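Printed here is run.pdb (PDB, N, CA and C atoms):
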```
ATOM      1  N   MET A   1     -21.105  -4.110   2.240
ATOM      2  CA  MET A   1     -20.809  -5.463   1.806
ATOM      3  C   MET A   1     -20.243  -5.402   0.402
ATOM      4  N   LEU A   2     -19.252  -6.230   0.142
ATOM      5  CA  LEU A   2     -18.596  -6.251  -1.157
ATOM      6  C   LEU A   2     -18.374  -7.694  -1.554
ATOM      7  N   SER A   3     -18.600  -7.984  -2.794
ATOM      8  CA  SER A   3     -18.369  -9.328  -3.314
ATOM      9  C   SER A   3     -17.281  -9.235  -4.370
ATOM     10  N   VAL A   4     -16.299 -10.138  -4.290
ATOM     11  CA  VAL A   4     -15.174 -10.094  -5.221
ATOM     12  C   VAL A   4     -14.940 -11.488  -5.795
ATOM     13  N   ARG A   5     -14.743 -11.552  -7.084
ATOM     14  CA  ARG A   5     -14.391 -12.825  -7.720
ATOM     15  C   ARG A   5     -12.881 -12.870  -7.893
ATOM     16  N   LEU A   6     -12.289 -13.946  -7.435
ATOM     17  CA  LEU A   6     -10.847 -14.119  -7.525
ATOM     18  C   LEU A   6     -10.520 -15.233  -8.508
ATOM     19  N   ASP A   7      -9.372 -15.117  -9.149
ATOM     20  CA  ASP A   7      -8.938 -16.224  -9.992
ATOM     21  C   ASP A   7      -8.579 -17.406  -9.089
ATOM     22  N   SER A   8      -8.541 -18.584  -9.645
ATOM     23  CA  SER A   8      -8.353 -19.795  -8.841
ATOM     24  C   SER A   8      -7.009 -19.817  -8.109
ATOM     25  N   GLN A   9      -5.982 -19.273  -8.713
ATOM     26  CA  GLN A   9      -4.659 -19.261  -8.074
ATOM     27  C   GLN A   9      -4.664 -18.363  -6.831
ATOM     28  N   THR A  10      -5.244 -17.177  -6.938
ATOM     29  CA  THR A  10      -5.326 -16.267  -5.797
ATOM     30  C   THR A  10      -6.202 -16.862  -4.705
ATOM     31  N   GLN A  11      -7.308 -17.462  -5.102
ATOM     32  CA  GLN A  11      -8.198 -18.113  -4.135
ATOM     33  C   GLN A  11      -7.467 -19.219  -3.382
ATOM     34  N   ALA A  12      -6.695 -20.017  -4.092
ATOM     35  CA  ALA A  12      -5.945 -21.105  -3.456
ATOM     36  C   ALA A  12      -4.909 -20.562  -2.483
ATOM     37  N   ARG A  13      -4.260 -19.471  -2.851
ATOM     38  CA  ARG A  13      -3.253 -18.868  -1.964
ATOM     39  C   ARG A  13      -3.896 -18.358  -0.674
ATOM     40  N   ILE A  14      -5.036 -17.703  -0.800
ATOM     41  CA  ILE A  14      -5.726 -17.190   0.389
ATOM     42  C   ILE A  14      -6.231 -18.357   1.236
ATOM     43  N   ASP A  15      -6.776 -19.377   0.591
ATOM     44  CA  ASP A  15      -7.255 -20.555   1.326
ATOM     45  C   ASP A  15      -6.125 -21.189   2.135
ATOM     46  N   LYS A  16      -4.977 -21.367   1.500
ATOM     47  CA  LYS A  16      -3.829 -21.987   2.170
ATOM     48  C   LYS A  16      -3.353 -21.133   3.341
ATOM     49  N   LEU A  17      -3.239 -19.835   3.118
ATOM     50  CA  LEU A  17      -2.785 -18.925   4.170
ATOM     51  C   LEU A  17      -3.758 -18.912   5.343
ATOM     52  N   ALA A  18      -5.040 -18.913   5.055
ATOM     53  CA  ALA A  18      -6.057 -18.931   6.110
ATOM     54  C   ALA A  18      -5.960 -20.221   6.925
ATOM     55  N   LYS A  19      -5.759 -21.321   6.240
ATOM     56  CA  LYS A  19      -5.663 -22.613   6.930
ATOM     57  C   LYS A  19      -4.417 -22.680   7.819
ATOM     58  N   VAL A  20      -3.283 -22.247   7.282
ATOM     59  CA  VAL A  20      -2.017 -22.301   8.023
ATOM     60  C   VAL A  20      -2.047 -21.385   9.242
ATOM     61  N   THR A  21      -2.644 -20.221   9.100
ATOM     62  CA  THR A  21      -2.625 -19.231  10.180
ATOM     63  C   THR A  21      -3.858 -19.290  11.082
ATOM     64  N   LYS A  22      -4.838 -20.088  10.659
ATOM     65  CA  LYS A  22      -6.096 -20.195  11.403
ATOM     66  C   LYS A  22      -6.795 -18.828  11.531
ATOM     67  N   ARG A  23      -6.699 -18.044  10.480
ATOM     68  CA  ARG A  23      -7.380 -16.750  10.401
ATOM     69  C   ARG A  23      -8.395 -16.822   9.267
ATOM     70  N   PRO A  24      -9.442 -16.029   9.356
ATOM     71  CA  PRO A  24     -10.418 -16.035   8.259
ATOM     72  C   PRO A  24      -9.837 -15.412   6.984
ATOM     73  N   LYS A  25     -10.310 -15.892   5.862
ATOM     74  CA  LYS A  25      -9.844 -15.349   4.580
ATOM     75  C   LYS A  25     -10.093 -13.847   4.489
ATOM     76  N   SER A  26     -11.191 -13.405   5.063
ATOM     77  CA  SER A  26     -11.521 -11.978   4.995
ATOM     78  C   SER A  26     -10.459 -11.119   5.675
ATOM     79  N   PHE A  27      -9.781 -11.658   6.677
ATOM     80  CA  PHE A  27      -8.708 -10.919   7.352
ATOM     81  C   PHE A  27      -7.638 -10.515   6.347
ATOM     82  N   PHE A  28      -7.205 -11.462   5.515
ATOM     83  CA  PHE A  28      -6.133 -11.186   4.557
ATOM     84  C   PHE A  28      -6.589 -10.266   3.431
ATOM     85  N   VAL A  29      -7.822 -10.411   3.018
ATOM     86  CA  VAL A  29      -8.350  -9.525   1.976
ATOM     87  C   VAL A  29      -8.418  -8.098   2.506
ATOM     88  N   LYS A  30      -8.916  -7.934   3.726
ATOM     89  CA  LYS A  30      -9.003  -6.595   4.328
ATOM     90  C   LYS A  30      -7.618  -5.983   4.506
ATOM     91  N   GLU A  31      -6.666  -6.773   5.010
ATOM     92  CA  GLU A  31      -5.300  -6.272   5.199
ATOM     93  C   GLU A  31      -4.665  -5.867   3.875
ATOM     94  N   ALA A  32      -4.812  -6.717   2.878
ATOM     95  CA  ALA A  32      -4.221  -6.424   1.572
ATOM     96  C   ALA A  32      -4.833  -5.168   0.967
ATOM     97  N   LEU A  33      -6.144  -5.040   1.073
ATOM     98  CA  LEU A  33      -6.817  -3.867   0.524
ATOM     99  C   LEU A  33      -6.424  -2.596   1.266
ATOM    100  N   ALA A  34      -6.348  -2.666   2.579
ATOM    101  CA  ALA A  34      -5.948  -1.494   3.369
ATOM    102  C   ALA A  34      -4.532  -1.054   2.999
ATOM    103  N   ASN A  35      -3.613  -2.008   2.868
ATOM    104  CA  ASN A  35      -2.233  -1.667   2.501
ATOM    105  C   ASN A  35      -2.162  -1.077   1.098
ATOM    106  N   TYR A  36      -2.918  -1.646   0.182
ATOM    107  CA  TYR A  36      -2.938  -1.142  -1.189
ATOM    108  C   TYR A  36      -3.491   0.281  -1.242
ATOM    109  N   LEU A  37      -4.575   0.505  -0.519
ATOM    110  CA  LEU A  37      -5.170   1.842  -0.502
ATOM    111  C   LEU A  37      -4.231   2.863   0.124
ATOM    112  N   ASP A  38      -3.518   2.478   1.184
ATOM    113  CA  ASP A  38      -2.530   3.375   1.785
ATOM    114  C   ASP A  38      -1.480   3.775   0.755
ATOM    115  N   ASP A  39      -0.961   2.781   0.032
ATOM    116  CA  ASP A  39       0.059   3.055  -0.982
ATOM    117  C   ASP A  39      -0.493   3.936  -2.096
ATOM    118  N   LEU A  40      -1.705   3.649  -2.537
ATOM    119  CA  LEU A  40      -2.310   4.418  -3.619
ATOM    120  C   LEU A  40      -2.573   5.862  -3.197
ATOM    121  N   GLU A  41      -3.049   6.055  -1.975
ATOM    122  CA  GLU A  41      -3.259   7.417  -1.471
ATOM    123  C   GLU A  41      -1.942   8.170  -1.369
ATOM    124  N   ASP A  42      -0.885   7.498  -0.915
ATOM    125  CA  ASP A  42       0.437   8.129  -0.858
ATOM    126  C   ASP A  42       0.904   8.528  -2.254
ATOM    127  N   TYR A  43       0.704   7.640  -3.216
ATOM    128  CA  TYR A  43       1.118   7.912  -4.587
ATOM    129  C   TYR A  43       0.419   9.167  -5.131
ATOM    130  N   TYR A  44      -0.895   9.227  -4.957
ATOM    131  CA  TYR A  44      -1.634  10.382  -5.476
ATOM    132  C   TYR A  44      -1.288  11.661  -4.717
ATOM    133  N   ASP A  45      -0.970  11.548  -3.436
ATOM    134  CA  ASP A  45      -0.537  12.719  -2.679
ATOM    135  C   ASP A  45       0.797  13.237  -3.231
ATOM    136  N   VAL A  46       1.697  12.319  -3.540
ATOM    137  CA  VAL A  46       2.991  12.708  -4.113
ATOM    138  C   VAL A  46       2.789  13.367  -5.480
ATOM    139  N   GLN A  47       1.908  12.799  -6.290
ATOM    140  CA  GLN A  47       1.653  13.388  -7.604
ATOM    141  C   GLN A  47       1.093  14.801  -7.477
ATOM    142  N   LYS A  48       0.202  14.986  -6.518
ATOM    143  CA  LYS A  48      -0.378  16.312  -6.292
ATOM    144  C   LYS A  48       0.703  17.302  -5.857
ATOM    145  N   ARG A  49       1.546  16.871  -4.920
ATOM    146  CA  ARG A  49       2.624  17.762  -4.459
ATOM    147  C   ARG A  49       3.620  18.053  -5.560
ATOM    148  N   LYS A  50       3.937  17.020  -6.359
ATOM    149  CA  LYS A  50       4.916  17.182  -7.434
ATOM    150  C   LYS A  50       4.487  18.266  -8.410
ATOM    151  N   ASN A  51       3.209  18.365  -8.648
ATOM    152  CA  ASN A  51       2.688  19.329  -9.613
ATOM    153  C   ASN A  51       2.289  20.663  -8.990
ATOM    154  N   SER A  52       2.499  20.811  -7.696
ATOM    155  CA  SER A  52       2.123  22.038  -6.999
ATOM    156  C   SER A  52       3.137  23.144  -7.286
ATOM    157  N   ALA A  53       2.633  24.319  -7.531
ATOM    158  CA  ALA A  53       3.501  25.459  -7.835
ATOM    159  C   ALA A  53       4.253  25.965  -6.607
ATOM    160  N   ASP A  54       3.715  25.707  -5.425
ATOM    161  CA  ASP A  54       4.348  26.244  -4.208
ATOM    162  C   ASP A  54       5.154  25.194  -3.445
ATOM    163  N   ARG A  55       5.577  24.136  -4.128
ATOM    164  CA  ARG A  55       6.342  23.094  -3.443
ATOM    165  C   ARG A  55       7.734  23.614  -3.079
ATOM    166  N   GLU A  56       8.261  23.093  -1.989
ATOM    167  CA  GLU A  56       9.595  23.475  -1.547
ATOM    168  C   GLU A  56      10.515  22.274  -1.738
ATOM    169  N   LEU A  57      11.524  22.449  -2.569
ATOM    170  CA  LEU A  57      12.442  21.362  -2.871
ATOM    171  C   LEU A  57      13.788  21.586  -2.200
ATOM    172  N   ILE A  58      14.428  20.485  -1.830
ATOM    173  CA  ILE A  58      15.797  20.549  -1.317
ATOM    174  C   ILE A  58      16.632  19.566  -2.111
ATOM    175  N   SER A  59      17.927  19.769  -2.101
ATOM    176  CA  SER A  59      18.820  18.874  -2.834
ATOM    177  C   SER A  59      19.020  17.589  -2.044
ATOM    178  N   PHE A  60      19.564  16.589  -2.716
ATOM    179  CA  PHE A  60      19.864  15.325  -2.057
ATOM    180  C   PHE A  60      20.876  15.535  -0.940
ATOM    181  N   GLU A  61      21.833  16.390  -1.167
ATOM    182  CA  GLU A  61      22.839  16.689  -0.144
ATOM    183  C   GLU A  61      22.186  17.328   1.092
ATOM    184  N   GLU A  62      21.251  18.246   0.865
ATOM    185  CA  GLU A  62      20.537  18.864   1.984
ATOM    186  C   GLU A  62      19.725  17.832   2.760
ATOM    187  N   LEU A  63      19.137  16.897   2.052
ATOM    188  CA  LEU A  63      18.362  15.828   2.706
ATOM    189  C   LEU A  63      19.271  14.954   3.567
ATOM    190  N   LYS A  64      20.402  14.553   3.012
ATOM    191  CA  LYS A  64      21.346  13.716   3.772
ATOM    192  C   LYS A  64      21.814  14.450   5.027
ATOM    193  N   LYS A  65      22.092  15.730   4.894
ATOM    194  CA  LYS A  65      22.532  16.513   6.035
ATOM    195  C   LYS A  65      21.419  16.610   7.077
ATOM    196  N   ALA A  66      20.203  16.825   6.645
ATOM    197  CA  ALA A  66      19.071  16.935   7.567
ATOM    198  C   ALA A  66      18.838  15.621   8.302
ATOM    199  N   LEU A  67      19.091  14.498   7.620
ATOM    200  CA  LEU A  67      18.899  13.175   8.238
ATOM    201  C   LEU A  67      20.147  12.676   8.950
ATOM    202  N   ASP A  68      21.217  13.432   8.844
ATOM    203  CA  ASP A  68      22.496  13.086   9.480
ATOM    204  C   ASP A  68      23.032  11.742   9.000
ATOM    205  N   VAL A  69      23.030  11.575   7.673
ATOM    206  CA  VAL A  69      23.587  10.340   7.084
ATOM    207  C   VAL A  69      24.698  10.635   6.126
TER     208      VAL A  69
END
```
Entire entry expressed as structure tokens:
Amino acid sequence: MLSVRLDSQTQARIDKLAKVTKRPKSFFVKEALANYLDDLEDYYDVQKRKNSADRELISFEELKKALDV
């Protein structure tokens, strides 16, 4: 269980969205948190790889060729 205090503007936005979509407010909080955590985990994974001594880099041209663009 987690309790979070929101500023009045954020609370009003969630209230309005919940009312319009007929979904519980917790649905949007859970979705937003899950998306944020996904992005944050990706960011830290990139930082870890960026600093890795055994990383394999390719040029932008090699990437375009590999993606056929």
- Message: So that I can check the secondary structure, give me every residue of chain A assigned helix (DSSP H, G or I) by backbone DSSP, as a PyMOL selection string.
- Response: chain A and resi 8-21+25-50+60-67
- Work out how far apart atom N of Lys19 in chain A and atom N of Val4 in chain A are and give it in Å to one decimal.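 Rounded to one decimal, the two atoms are 18.6 Å apart.
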Around all the atoms of range 34-48 of chain A listed in the file, with 8 Å of room on each side, what axis-aligned box do you get, giving centre and edge lengths in Å to one decimal, as JSON?
```
{"center_x": -1.7, "center_y": 7.3, "center_z": -2.1, "size_x": 25.3, "size_y": 36.0, "size_z": 27.0}
```
- Could you tell me how far CA of Phe28 in chain A lies from atom N of Leu6 in chain A, in Å and to one decimal?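 Separation of CA of Phe28 in chain A and atom N of Leu6 in chain A: 13.8 Å.
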- Item | Between CA of Ser26 in chain A and atom C of Leu2 in chain A - distance in Å to one decimal |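 Here the two named atoms are 10.4 Å from each other.
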